[in-house]
Structure formats: C-alpha cells, structure tokens
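Coordinates as given in start39.tsv (TSV, C-alpha atoms):
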```tsv
chain	number	residue	atom	x	y	z
A	1	MET	CA	11.00	30.07	34.48
A	2	ARG	CA	13.60	27.50	33.49
A	3	THR	CA	16.79	28.38	31.67
A	4	ASN	CA	17.62	26.48	28.49
A	5	THR	CA	20.19	24.36	30.25
A	6	GLN	CA	17.82	23.45	33.01
A	7	GLY	CA	15.11	22.70	30.47
A	8	PHE	CA	17.47	20.43	28.55
A	9	ASP	CA	18.49	18.65	31.73
A	10	THR	CA	14.89	18.09	32.75
A	11	THR	CA	13.97	16.80	29.31
A	12	SER	CA	16.94	14.50	29.27
A	13	ARG	CA	16.14	13.20	32.73
A	14	THR	CA	12.51	12.69	31.75
A	15	ASP	CA	13.60	10.70	28.69
A	16	ARG	CA	15.88	8.56	30.80
A	17	LEU	CA	13.17	7.90	33.35
A	18	MET	CA	10.65	7.14	30.66
A	19	ALA	CA	13.04	4.70	29.01
A	20	ARG	CA	13.78	3.04	32.36
A	21	PHE	CA	10.09	2.75	33.15
A	22	GLY	CA	9.31	1.47	29.66
A	23	HIS	CA	11.97	-1.21	29.89
A	24	ARG	CA	10.71	-2.26	33.30
A	25	VAL	CA	7.23	-2.71	31.90
A	26	ALA	CA	8.63	-4.60	28.91
A	27	THR	CA	10.62	-6.82	31.26
A	28	ALA	CA	7.46	-7.47	33.26
A	29	LEU	CA	5.60	-8.48	30.10
A	30	ALA	CA	8.42	-10.81	29.09
A	31	GLU	CA	8.50	-12.28	32.59
A	32	LEU	CA	4.78	-12.93	32.46
A	33	GLN	CA	5.25	-14.83	29.21
A	34	THR	CA	7.97	-16.91	30.83
A	35	ARG	CA	6.05	-17.58	34.03
A	36	GLN	CA	2.82	-18.41	32.25
A	37	PRO	CA	3.84	-20.28	29.12
A	38	ARG	CA	1.00	-21.14	26.79
A	39	HIS	CA	2.00	-24.36	25.16
A	40	ASP	CA	-0.78	-24.34	22.59
A	41	ILE	CA	0.31	-20.90	21.41
A	42	ASP	CA	3.98	-21.87	21.48
A	43	GLU	CA	3.23	-24.96	19.42
A	44	ARG	CA	1.28	-23.00	16.81
A	45	LEU	CA	4.02	-20.40	16.63
A	46	ARG	CA	6.58	-23.15	16.13
A	47	PHE	CA	4.46	-24.60	13.32
A	48	ALA	CA	4.09	-21.15	11.77
A	49	ARG	CA	7.84	-20.63	11.93
A	50	GLU	CA	8.50	-23.96	10.24
A	51	GLN	CA	6.01	-23.13	7.51
A	52	ALA	CA	7.68	-19.77	6.97
A	53	LEU	CA	11.13	-21.35	6.79
A	54	GLU	CA	9.85	-23.90	4.29
A	55	ARG	CA	8.50	-21.06	2.15
A	56	ALA	CA	11.84	-19.28	2.40
A	57	ARG	CA	13.64	-22.39	1.17
A	58	GLU	CA	11.19	-22.78	-1.69
A	59	SER	CA	11.45	-19.12	-2.59
A	60	ARG	CA	15.24	-19.37	-2.70
A	61	ARG	CA	15.06	-22.51	-4.83
A	62	LEU	CA	12.66	-20.88	-7.30
A	63	SER	CA	14.75	-17.74	-7.59
A	64	ALA	CA	17.88	-19.86	-8.14
A	65	GLU	CA	16.35	-21.96	-10.95
A	66	PRO	CA	15.76	-19.18	-13.51
A	67	ALA	CA	19.25	-17.89	-12.84
A	68	MET	CA	20.69	-21.30	-13.59
A	69	ALA	CA	18.54	-21.67	-16.70
A	70	LEU	CA	19.55	-18.21	-17.84
A	71	GLY	CA	23.17	-19.13	-17.29
A	72	ALA	CA	22.78	-22.26	-19.37
A	73	GLY	CA	20.98	-20.34	-22.12
A	74	GLY	CA	23.65	-17.68	-22.16
A	75	ALA	CA	26.29	-20.32	-22.49
A	76	ALA	CA	24.44	-21.90	-25.42
A	77	THR	CA	24.21	-18.54	-27.17
A	78	LEU	CA	27.86	-17.93	-26.69
A	79	VAL	CA	28.71	-21.34	-28.08
A	80	ALA	CA	26.44	-20.77	-31.11
A	81	GLY	CA	27.90	-17.34	-31.70
A	82	SER	CA	31.42	-18.67	-31.70
A	83	GLY	CA	30.51	-21.22	-34.36
A	84	GLU	CA	31.20	-24.23	-32.17
A	85	ASP	CA	28.75	-27.05	-31.98
A	86	GLY	CA	29.06	-27.74	-28.26
A	87	GLY	CA	27.28	-31.10	-28.62
A	88	THR	CA	23.79	-29.64	-29.33
A	89	PRO	CA	22.44	-30.61	-32.80
A	90	TRP	CA	21.58	-27.62	-35.04
A	91	TRP	CA	18.05	-28.88	-35.65
A	92	LEU	CA	17.42	-29.03	-31.93
A	93	ARG	CA	18.42	-25.39	-31.51
A	94	LEU	CA	16.39	-24.48	-34.61
A	95	SER	CA	13.37	-26.25	-33.16
A	96	SER	CA	13.27	-23.68	-30.39
A	97	LEU	CA	12.13	-21.21	-33.09
A	98	LEU	CA	9.25	-23.46	-34.10
A	99	PRO	CA	6.68	-22.01	-31.66
A	100	LEU	CA	7.47	-18.51	-32.93
A	101	ALA	CA	7.05	-19.63	-36.54
A	102	VAL	CA	3.71	-21.27	-35.71
A	103	LEU	CA	2.57	-18.10	-33.98
A	104	LEU	CA	3.48	-15.92	-36.97
A	105	ALA	CA	1.77	-18.31	-39.40
A	106	GLY	CA	-1.34	-18.24	-37.22
A	107	LEU	CA	-1.39	-14.46	-37.20
A	108	VAL	CA	-1.07	-14.32	-40.99
A	109	LEU	CA	-3.92	-16.84	-41.39
A	110	ILE	CA	-6.16	-14.90	-39.02
A	111	ASP	CA	-5.45	-11.67	-40.89
A	112	HIS	CA	-6.16	-13.30	-44.24
A	113	HIS	CA	-9.40	-14.84	-42.97
A	114	TYR	CA	-10.55	-11.52	-41.51
A	115	THR	CA	-9.86	-9.55	-44.72
A	116	ARG	CA	-11.61	-12.17	-46.85
A	117	SER	CA	-14.69	-12.22	-44.61
A	118	GLN	CA	-14.91	-8.41	-44.83
A	119	ILE	CA	-14.74	-8.54	-48.63
A	120	GLU	CA	-17.39	-11.24	-48.78
A	121	ALA	CA	-19.70	-9.28	-46.51
A	122	ALA	CA	-19.35	-6.15	-48.68
A	123	ALA	CA	-19.97	-8.21	-51.84
A	124	GLU	CA	-23.12	-9.69	-50.33
A	125	VAL	CA	-24.48	-6.25	-49.52
A	126	ASP	CA	-23.68	-4.96	-53.01
A	127	ALA	CA	-25.29	-7.98	-54.67
A	128	ALA	CA	-28.42	-7.62	-52.57
A	129	LEU	CA	-28.70	-3.93	-53.44
A	130	LEU	CA	-28.23	-4.50	-57.17
A	131	ALA	CA	-30.57	-7.46	-57.37
A	132	ASP	CA	-33.35	-5.89	-55.35
A	133	ASP	CA	-36.25	-3.88	-56.83
A	134	LEU	CA	-36.09	-0.15	-56.50
A	135	PRO	CA	-38.35	0.89	-53.62
A	136	PRO	CA	-41.16	3.39	-54.51
A	137	GLU	CA	-39.79	5.90	-51.98
A	138	ALA	CA	-36.67	6.24	-54.14
A	139	TYR	CA	-38.66	8.00	-56.86
A	140	SER	CA	-39.58	10.82	-54.49
A	141	ASP	CA	-35.95	11.25	-53.34
A	142	PRO	CA	-34.56	14.54	-54.77
A	143	GLY	CA	-31.14	12.96	-54.95
A	144	PHE	CA	-32.44	10.15	-57.17
A	145	VAL	CA	-34.15	12.65	-59.50
A	146	GLU	CA	-30.91	14.60	-59.72
A	147	TYR	CA	-29.10	11.35	-60.50
A	148	LEU	CA	-31.53	10.56	-63.35
A	149	LYS	CA	-31.04	14.02	-64.82
A	150	SER	CA	-27.30	13.89	-64.67
A	151	ALA	CA	-27.18	10.30	-65.95
A	152	ARG	CA	-29.09	11.30	-69.08
A	153	PRO	CA	-26.81	11.65	-72.11
B	1	MET	CA	21.56	-12.76	2.82
B	2	ALA	CA	20.13	-14.40	5.95
B	3	THR	CA	20.77	-18.13	6.17
B	4	ASP	CA	18.07	-20.57	7.20
B	5	LYS	CA	19.47	-20.67	10.70
B	6	GLU	CA	19.63	-16.89	11.00
B	7	LEU	CA	16.08	-16.59	9.76
B	8	SER	CA	14.92	-19.33	12.10
B	9	ASP	CA	16.69	-17.77	15.09
B	10	PHE	CA	15.25	-14.39	14.25
B	11	LEU	CA	11.69	-15.70	13.96
B	12	LYS	CA	12.11	-17.64	17.18
B	13	SER	CA	13.30	-14.53	18.98
B	14	VAL	CA	10.38	-12.35	17.90
B	15	GLU	CA	7.43	-14.70	17.55
B	16	LYS	CA	6.14	-14.54	21.12
B	17	ARG	CA	6.40	-10.79	21.40
B	18	ALA	CA	4.85	-10.45	17.96
B	19	PHE	CA	1.95	-12.65	19.02
B	20	LYS	CA	1.42	-10.74	22.26
B	21	ARG	CA	1.58	-7.38	20.57
B	22	THR	CA	-0.91	-8.47	17.92
B	23	ALA	CA	-3.18	-10.09	20.48
B	24	TYR	CA	-3.29	-6.78	22.37
B	25	THR	CA	-4.48	-5.10	19.21
B	26	VAL	CA	-6.94	-7.58	17.73
B	27	ARG	CA	-7.99	-9.07	21.09
B	28	ASN	CA	-8.34	-12.51	19.59
B	29	ASP	CA	-5.65	-15.16	19.99
B	30	ASP	CA	-6.56	-17.12	16.87
B	31	ALA	CA	-6.56	-14.02	14.72
B	32	ALA	CA	-3.28	-12.90	16.27
B	33	LEU	CA	-1.70	-16.27	15.47
B	34	ASP	CA	-2.92	-16.08	11.90
B	35	ILE	CA	-1.54	-12.58	11.52
B	36	VAL	CA	1.85	-13.56	12.96
B	37	GLN	CA	2.01	-16.63	10.73
B	38	ASP	CA	1.06	-14.57	7.70
B	39	SER	CA	3.75	-12.03	8.58
B	40	MET	CA	6.38	-14.72	9.03
B	41	ILE	CA	5.52	-16.20	5.65
B	42	ARG	CA	5.57	-12.81	3.95
B	43	LEU	CA	8.97	-12.10	5.47
B	44	SER	CA	10.31	-15.48	4.42
B	45	GLU	CA	9.00	-15.32	0.90
B	46	LYS	CA	9.88	-11.75	0.04
B	47	TYR	CA	12.70	-10.68	2.32
B	48	ALA	CA	14.67	-13.81	3.17
B	49	ASP	CA	17.47	-12.50	0.95
B	50	ARG	CA	17.93	-9.42	3.13
B	51	PRO	CA	20.81	-9.18	5.59
B	52	PRO	CA	19.88	-10.41	9.08
B	53	ALA	CA	20.30	-6.93	10.54
B	54	GLU	CA	17.43	-5.63	8.40
B	55	LEU	CA	14.98	-8.34	9.40
B	56	PRO	CA	13.66	-6.83	12.68
B	57	LEU	CA	12.51	-3.58	11.11
B	58	VAL	CA	11.10	-5.27	8.01
B	59	PHE	CA	9.25	-7.81	10.13
B	60	GLN	CA	7.71	-5.17	12.39
B	61	ARG	CA	6.54	-3.27	9.33
B	62	ILE	CA	5.03	-6.41	7.82
B	63	LEU	CA	3.35	-7.28	11.11
B	64	SER	CA	1.80	-3.81	11.41
B	65	ASN	CA	0.56	-3.95	7.84
B	66	ALA	CA	-0.82	-7.45	8.31
B	67	THR	CA	-2.66	-6.29	11.42
B	68	MET	CA	-4.19	-3.37	9.55
B	69	ASP	CA	-5.12	-5.73	6.71
B	70	TRP	CA	-6.90	-7.92	9.24
B	71	PHE	CA	-8.95	-4.98	10.42
B	72	ARG	CA	-9.80	-4.05	6.84
B	73	ARG	CA	-10.97	-7.57	6.14
B	74	GLN	CA	-13.47	-7.46	8.94
B	75	LYS	CA	-16.86	-7.22	7.37
B	76	VAL	CA	-18.74	-5.81	10.30
B	77	ARG	CA	-18.27	-2.10	9.99
B	78	ASN	CA	-19.04	-1.27	13.57
B	79	ALA	CA	-16.48	-3.75	14.83
B	80	VAL	CA	-13.85	-2.14	12.64
B	81	LEU	CA	-14.77	1.33	13.82
B	82	VAL	CA	-14.65	0.30	17.46
B	83	ASN	CA	-11.22	-1.25	17.10
B	84	LEU	CA	-9.76	1.47	14.93
B	85	SER	CA	-11.07	4.15	17.21
B	86	GLU	CA	-8.52	2.93	19.71
B	87	PHE	CA	-5.80	4.02	17.36
B	88	GLU	CA	-6.95	7.60	17.52
B	89	GLY	CA	-5.78	7.85	21.10
B	90	ALA	CA	-6.95	10.24	23.73
B	91	ASP	CA	-5.14	12.91	25.63
B	92	ASP	CA	-4.80	11.25	28.96
B	93	ASP	CA	-1.84	13.14	30.34
B	94	GLY	CA	-3.85	14.32	33.27
B	95	GLY	CA	-2.69	17.94	33.27
B	96	ASP	CA	-1.19	18.52	36.67
B	97	PHE	CA	0.51	15.14	36.70
B	98	ASP	CA	4.21	15.13	37.59
B	99	LEU	CA	5.95	12.38	35.66
B	100	LEU	CA	9.32	12.83	37.32
B	101	GLU	CA	7.86	12.43	40.74
B	102	LEU	CA	5.86	9.42	39.70
B	103	LEU	CA	8.66	7.62	37.92
B	104	ASP	CA	11.05	8.31	40.75
B	105	LEU	CA	8.49	6.80	43.05
B	106	SER	CA	8.21	3.75	40.81
B	107	ASP	CA	11.93	3.25	40.92
B	108	THR	CA	12.14	3.37	44.69
B	109	ARG	CA	9.25	0.94	45.09
B	110	SER	CA	10.66	-1.70	42.82
B	111	ALA	CA	13.12	-2.95	45.40
B	112	THR	CA	10.41	-3.79	47.89
B	113	GLU	CA	8.13	-5.31	45.24
B	114	SER	CA	10.80	-7.66	43.98
B	115	ALA	CA	10.68	-9.53	47.29
B	116	ALA	CA	7.07	-10.57	46.80
B	117	ASP	CA	6.20	-14.25	46.48
B	118	SER	CA	5.55	-15.94	43.17
B	119	VAL	CA	1.77	-15.72	43.25
B	120	SER	CA	1.63	-12.06	44.05
B	121	ARG	CA	4.37	-11.44	41.51
B	122	ILE	CA	2.26	-13.06	38.79
B	123	GLN	CA	-0.77	-11.08	39.91
B	124	MET	CA	1.26	-7.91	39.64
B	125	LEU	CA	2.55	-8.88	36.19
B	126	GLU	CA	-1.01	-9.56	35.10
B	127	LEU	CA	-2.05	-6.14	36.33
B	128	ILE	CA	0.71	-4.56	34.26
B	129	ASP	CA	-0.32	-6.69	31.29
B	130	GLY	CA	-3.91	-5.55	31.72
B	131	GLU	CA	-2.94	-1.89	31.88
B	132	VAL	CA	-0.83	-2.22	28.74
B	133	ALA	CA	-3.79	-3.84	27.03
B	134	ARG	CA	-5.99	-0.91	28.05
B	135	LEU	CA	-3.73	1.68	26.43
B	136	PRO	CA	-5.05	3.28	23.25
B	137	GLY	CA	-3.81	1.36	20.21
B	138	ARG	CA	-1.32	3.85	18.82
B	139	GLN	CA	0.16	4.58	22.22
B	140	ARG	CA	0.53	0.88	22.96
B	141	GLU	CA	2.08	0.27	19.55
B	142	ALA	CA	4.64	3.03	20.01
B	143	PHE	CA	5.37	1.98	23.59
B	144	LEU	CA	5.90	-1.69	22.74
B	145	LEU	CA	7.95	-1.01	19.65
B	146	ARG	CA	10.22	1.37	21.56
B	147	TYR	CA	10.67	-0.51	24.81
B	148	TRP	CA	9.82	-4.14	24.06
B	149	GLU	CA	11.08	-4.48	20.52
B	150	GLU	CA	13.79	-1.93	21.35
B	151	LEU	CA	13.49	-0.01	18.09
B	152	ASP	CA	14.72	3.56	18.13
B	153	VAL	CA	12.42	6.52	17.51
B	154	ALA	CA	13.14	6.69	13.78
B	155	GLU	CA	12.57	2.96	13.29
B	156	THR	CA	9.35	3.08	15.31
B	157	ALA	CA	8.15	5.98	13.19
B	158	ALA	CA	8.95	4.01	10.04
B	159	VAL	CA	7.01	0.99	11.27
B	160	MET	CA	4.04	3.05	12.43
B	161	GLY	CA	4.05	5.28	9.35
B	162	CYS	CA	4.11	8.50	11.35
B	163	SER	CA	6.56	11.23	12.33
B	164	GLU	CA	9.21	10.85	15.01
B	165	GLY	CA	7.47	13.58	16.97
B	166	SER	CA	4.27	11.53	17.00
B	167	VAL	CA	6.19	8.51	18.28
B	168	LYS	CA	7.62	10.56	21.14
B	169	THR	CA	4.18	11.92	21.97
B	170	HIS	CA	2.58	8.46	21.90
B	171	CYS	CA	5.35	7.02	24.06
B	172	SER	CA	5.16	9.85	26.55
B	173	ARG	CA	1.41	9.52	26.86
B	174	ALA	CA	1.65	5.77	27.20
B	175	VAL	CA	4.24	6.04	29.97
B	176	HIS	CA	2.18	8.67	31.77
B	177	ALA	CA	-0.98	6.61	31.49
B	178	LEU	CA	0.70	3.38	32.57
B	179	ALA	CA	2.54	4.96	35.46
B	180	LYS	CA	-0.61	6.67	36.68
B	181	ALA	CA	-2.77	3.55	36.38
B	182	LEU	CA	-0.19	1.33	38.05
B	183	ARG	CA	0.39	3.78	40.85
B	184	ALA	CA	-3.35	3.91	41.46
B	185	LYS	CA	-3.25	0.13	41.92
B	186	GLY	CA	-0.15	0.25	44.06
B	187	VAL	CA	1.91	-1.57	41.46
B	188	SER	CA	5.43	-0.85	40.35
B	189	PRO	CA	7.00	-2.80	37.50
```
This structure in structure tokens:
Amino acid sequence: MRTNTQGFDTTSRTDRLMARFGHRVATALAELQTRQPRHDIDERLRFAREQALERARESRRLSAEPAMALGAGGAATLVAGSGEDGGTPWWLRLSSLLPLAVLLAGLVLIDHHYTRSQIEAAAEVDAALLADDLPPEAYSDPGFVEYLKSARP
Amino acid sequence: MATDKELSDFLKSVEKRAFKRTAYTVRNDDAALDIVQDSMIRLSEKYADRPPAELPLVFQRILSNATMDWFRRQKVRNAVLVNLSEFEGADDDGGDFDLLELLDLSDTRSATESAADSVSRIQMLELIDGEVARLPGRQREAFLLRYWEELDVAETAAVMGCSEGSVKTHCSRAVHALAKALRAKGVSP
C-alpha cells in the first residue's frame, strides 16, 4: 500500500505525463493543420472573421450614438435649467412636448367616447324595455305579483 | 476594451482550432463553419467591449453553446440522439491499464518517430487526428480545451458547464483512450 507522500508523487507524475502527452497530441493536431492547409476553409474563416469585425465596429458605433445623444440632451437640460437660451428657440424645445400632449388628448378622447357609448347602450336597453309590451309570462311571475301589491296605494 | 486589432488577432489565433474542434463534434465542415462564424459574430456584437484577456474564455463558452444550439436545431430526433449520446462518454479506462508505463513508452518513442519522412509523418498525424475524432464527445471537448486551447481546469469546467472533477475525469479517460489506441497502432505523438 502506498504512503500519502508516495501517492501524491505518483499523482503528480501522472498529471505531468498526462499534460505532456496531451500537449504532444495537440501539437500533432496543429502540425496537421499546417501541413495540410485547407484553403477553402481558411478563406471562409477569413470572411467570417471580417464579418464579425464589421459587426463589432457597428455595435460600438451604435452604443456610442445614444451616449452622445444623451450627452447632448443633458447639456440642453442644464442650459434650460440655468435660464440661458443657448441658441435653441423656446418654441423648438416646447415642441418636443407636442407628442406627449397629443397622446394625452387622444387618451381623453378615447375615454370620453367609451363612456358615452356605454351610456347610449344602457339607454337603448332601457328604452326598449319600457316601450315593449309586457310578456304574458310576467303575469305568472310571483315577483311581479308582489310588485303589483306593493305598488298599490 | 479590446481594439479592432486585438479582436482581429484573437479571432485569427483561434479560428482554425475552433473550426477543427467543432468539426470533430458535428462531423460536418459546413455546419462547423457556420457555428464558428456565428460564435465570432456573437462575440463581436456582445463582448467586443471586454478586455482582451477575457476573450478566450468567453469565446470558448460561446462556441460550446453555439454547438449545442446547432444540435438542438436538428429536426431529426434520431440524429440528435446519436450525436448527443457521444457526450455521455463511456468508461474506457481498460482496468488493468498502466498509464505511467504507457506514457513513458510514448515519450521514449517520440525521438525515433520524429525522424520519419514527410509522408509517413502526415499519415501518423492523420492517425492521431482520427483517434481524437473517435473519442467520446465530452472527453474530446475536455481534452482539447485543456491541451489545445490551453485552458486550466477551472476554465474548462466553466466552458463545459461541469465540475472541475468531471473535467479531470474526462481528460484522464481521454488520455488513456488515446494513448492506448495510438500504442495499438504503433504511433507516438
């Protein structure tokens, strides 16, 4: 049976040998790639790399744009807050609130239209009920009889 | 943040190994190229702002995920099962097999093998390549990440989504299997 020290040594040696063997195999694989270049694959990989780099550039540009816009917006707010004109007409800055105003007005109109349509629908039902003849089944309804009794002076 | 040149150099340094590793797994060059391209684009779009030192690990993770995505996208269920079954791995240690003896033997043989002519050298390299391709998927993945991509055990575990112990086991089994198969063919890397 091995002692702990011997066991550790053996494990360590095994790890070293495994690593050496693994790197030899990896070197062999790399050598095979070098000795047997596949130009079609290399060309497609080069194209893929260029595409990826193009995307990276675009991604960086897109992420930089909002930051710049935000910076400009922040500057405008600061200028407005300090009471300075900064060259931007007041009506132009006010016009940025226009879409919000239109949205609010639209919401109010929709709400008004919805409420009105509900009222009209209820009125139609009431009118139809009042104008219609009393169905014969109503006379046999105990509730209706009770109503007639209680309605009598 | 990695500059364009750093990113380009990094991609250039890993693309061939990435392709080979993926081709081992999916066994289809076109699919492997698509997966590598997809991984490069994902890296460039999402992680180009990372420091260059972080790129290797992130890229290997993306590549592994992209490969698994490719398998998931395959509509033929049997094909998926056949390929994924490789990832389960089998215990191919061989019981009474003495690794130390075998690896020592491999080391001593290498000196004589290195004198072989170009044709036989290529044949030998192809044999090694074939044996690596025959490894079970998880073993091959661990082996290549550790010794070809030169990630450490913790990084390999992170890429493979498993424990460090599993990585060591996969690597050990892969080395045993490769050494045994190559010895049987009289090959030493």
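Residue-level contacts from chain B to chain A at 6 Å, counting all atoms listed in the file, read Gln37, Met40, Ile41, Ser44, Glu45, Leu125, Tyr147, Trp148 and Pro189 of chain B.
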### Message
Would you compute the distance between atom CA of Val132 of chain B and atom CA of Leu178 of chain B? Give it in Å to one decimal.
### Response
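If I compute the distance from atom CA of Val132 of chain B to atom CA of Leu178 of chain B, I get 7.0 Å.
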### Message
Can you tell me which residues surround segment 137-145 of chain B at a distance of at most 9 Å, considering all atoms listed in the file, apart from same-chain residues fewer than 3 positions away, and format the answer as a PyMOL selection string?
### Response
(chain A and resi 22+26) or (chain B and resi 21+24-25+60+83-89+132-134+148-153+155-157+159-160+167-175)
Can those selected residues be exported to a file as a short mmCIF file (atom, residue, chain, number, x, y, z; two decimals), in the coordinates of the input so that it contains C-alpha atoms?
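That gives us out-v6.cif:
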```cif
data_model
loop_
_atom_site.label_atom_id
_atom_site.label_comp_id
_atom_site.auth_asym_id
_atom_site.auth_seq_id
_atom_site.Cartn_x
_atom_site.Cartn_y
_atom_site.Cartn_z
CA GLY A 22 9.31 1.47 29.66
CA ALA A 26 8.63 -4.60 28.91
CA ARG B 21 1.58 -7.38 20.57
CA TYR B 24 -3.29 -6.78 22.37
CA THR B 25 -4.48 -5.10 19.21
CA GLN B 60 7.71 -5.17 12.39
CA ASN B 83 -11.22 -1.25 17.10
CA LEU B 84 -9.76 1.47 14.93
CA SER B 85 -11.07 4.15 17.21
CA GLU B 86 -8.52 2.93 19.71
CA PHE B 87 -5.80 4.02 17.36
CA GLU B 88 -6.95 7.60 17.52
CA GLY B 89 -5.78 7.85 21.10
CA VAL B 132 -0.83 -2.22 28.74
CA ALA B 133 -3.79 -3.84 27.03
CA ARG B 134 -5.99 -0.91 28.05
CA TRP B 148 9.82 -4.14 24.06
CA GLU B 149 11.08 -4.48 20.52
CA GLU B 150 13.79 -1.93 21.35
CA LEU B 151 13.49 -0.01 18.09
CA ASP B 152 14.72 3.56 18.13
CA VAL B 153 12.42 6.52 17.51
CA GLU B 155 12.57 2.96 13.29
CA THR B 156 9.35 3.08 15.31
CA ALA B 157 8.15 5.98 13.19
CA VAL B 159 7.01 0.99 11.27
CA MET B 160 4.04 3.05 12.43
CA VAL B 167 6.19 8.51 18.28
CA LYS B 168 7.62 10.56 21.14
CA THR B 169 4.18 11.92 21.97
CA HIS B 170 2.58 8.46 21.90
CA CYS B 171 5.35 7.02 24.06
CA SER B 172 5.16 9.85 26.55
CA ARG B 173 1.41 9.52 26.86
CA ALA B 174 1.65 5.77 27.20
CA VAL B 175 4.24 6.04 29.97
#
```
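Going from atom CA of Thr67 of chain B over to atom CA of Val36 of chain B, you cover 8.7 Å.
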#### Entry: Nearest to Ala18 of chain B, chosen from B:Leu55, B:Leu43, B:Leu63, B:Met68, with all atoms listed in the file counted in the distances
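Checking each of B:Leu55, B:Leu43, B:Leu63, B:Met68 against Ala18 of chain B, counting all atoms listed in the file, the winner is B:Leu63.
Atom CA of Val125 of chain A is found 26.2 Å from atom CA of Lys149 of chain A.
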Once 8 Å is added on each side, what centre and edge lengths in Å to one decimal does the axis-aligned box around all listed atoms of segment 49-57 of chain B have, as lines of an AutoDock Vina configuration file?
```
center_x = 16.7
center_y = -8.0
center_z = 6.8
size_x = 24.3
size_y = 24.9
size_z = 27.7
```
Could segment 17-40 of chain A be completed with N, CA and C atoms and returned as a CSV table (one decimal), in the coordinates of the input?
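out_39.csv, written as the output of this step:
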```csv
chain,number,residue,atom,x,y,z
A,17,LEU,N,14.1,8.6,32.4
A,17,LEU,CA,13.2,7.9,33.4
A,17,LEU,C,12.1,7.2,32.6
A,18,MET,N,11.7,7.8,31.5
A,18,MET,CA,10.6,7.1,30.7
A,18,MET,C,11.2,5.8,30.1
A,19,ALA,N,12.4,5.9,29.6
A,19,ALA,CA,13.0,4.7,29.0
A,19,ALA,C,13.2,3.6,30.1
A,20,ARG,N,13.6,4.0,31.3
A,20,ARG,CA,13.8,3.0,32.4
A,20,ARG,C,12.4,2.4,32.7
A,21,PHE,N,11.4,3.3,32.8
A,21,PHE,CA,10.1,2.8,33.2
A,21,PHE,C,9.6,1.8,32.0
A,22,GLY,N,9.8,2.3,30.8
A,22,GLY,CA,9.3,1.5,29.7
A,22,GLY,C,10.0,0.1,29.6
A,23,HIS,N,11.3,0.1,29.9
A,23,HIS,CA,12.0,-1.2,29.9
A,23,HIS,C,11.5,-2.1,31.1
A,24,ARG,N,11.2,-1.5,32.2
A,24,ARG,CA,10.7,-2.3,33.3
A,24,ARG,C,9.4,-2.9,32.9
A,25,VAL,N,8.5,-2.1,32.3
A,25,VAL,CA,7.2,-2.7,31.9
A,25,VAL,C,7.5,-3.8,30.9
A,26,ALA,N,8.3,-3.6,29.9
A,26,ALA,CA,8.6,-4.6,28.9
A,26,ALA,C,9.2,-5.9,29.6
A,27,THR,N,10.1,-5.7,30.5
A,27,THR,CA,10.6,-6.8,31.3
A,27,THR,C,9.5,-7.6,32.0
A,28,ALA,N,8.6,-6.8,32.6
A,28,ALA,CA,7.5,-7.5,33.3
A,28,ALA,C,6.6,-8.3,32.3
A,29,LEU,N,6.4,-7.7,31.1
A,29,LEU,CA,5.6,-8.5,30.1
A,29,LEU,C,6.3,-9.8,29.7
A,30,ALA,N,7.6,-9.6,29.5
A,30,ALA,CA,8.4,-10.8,29.1
A,30,ALA,C,8.4,-11.9,30.2
A,31,GLU,N,8.5,-11.4,31.4
A,31,GLU,CA,8.5,-12.3,32.6
A,31,GLU,C,7.2,-13.0,32.7
A,32,LEU,N,6.1,-12.3,32.4
A,32,LEU,CA,4.8,-12.9,32.5
A,32,LEU,C,4.7,-14.1,31.4
A,33,GLN,N,5.3,-13.8,30.3
A,33,GLN,CA,5.2,-14.8,29.2
A,33,GLN,C,6.1,-16.1,29.7
A,34,THR,N,7.1,-15.8,30.4
A,34,THR,CA,8.0,-16.9,30.8
A,34,THR,C,7.3,-17.7,32.0
A,35,ARG,N,6.7,-16.9,32.9
A,35,ARG,CA,6.0,-17.6,34.0
A,35,ARG,C,4.8,-18.3,33.7
A,36,GLN,N,4.1,-17.8,32.7
A,36,GLN,CA,2.8,-18.4,32.2
A,36,GLN,C,2.9,-18.8,30.8
A,37,PRO,N,3.7,-19.8,30.5
A,37,PRO,CA,3.8,-20.3,29.1
A,37,PRO,C,2.5,-20.9,28.6
A,38,ARG,N,2.2,-20.6,27.4
A,38,ARG,CA,1.0,-21.1,26.8
A,38,ARG,C,1.5,-22.1,25.7
A,39,HIS,N,1.4,-23.4,26.1
A,39,HIS,CA,2.0,-24.4,25.2
A,39,HIS,C,1.3,-24.5,23.8
A,40,ASP,N,0.0,-24.3,23.9
A,40,ASP,CA,-0.8,-24.3,22.6
A,40,ASP,C,-0.3,-23.2,21.6
```
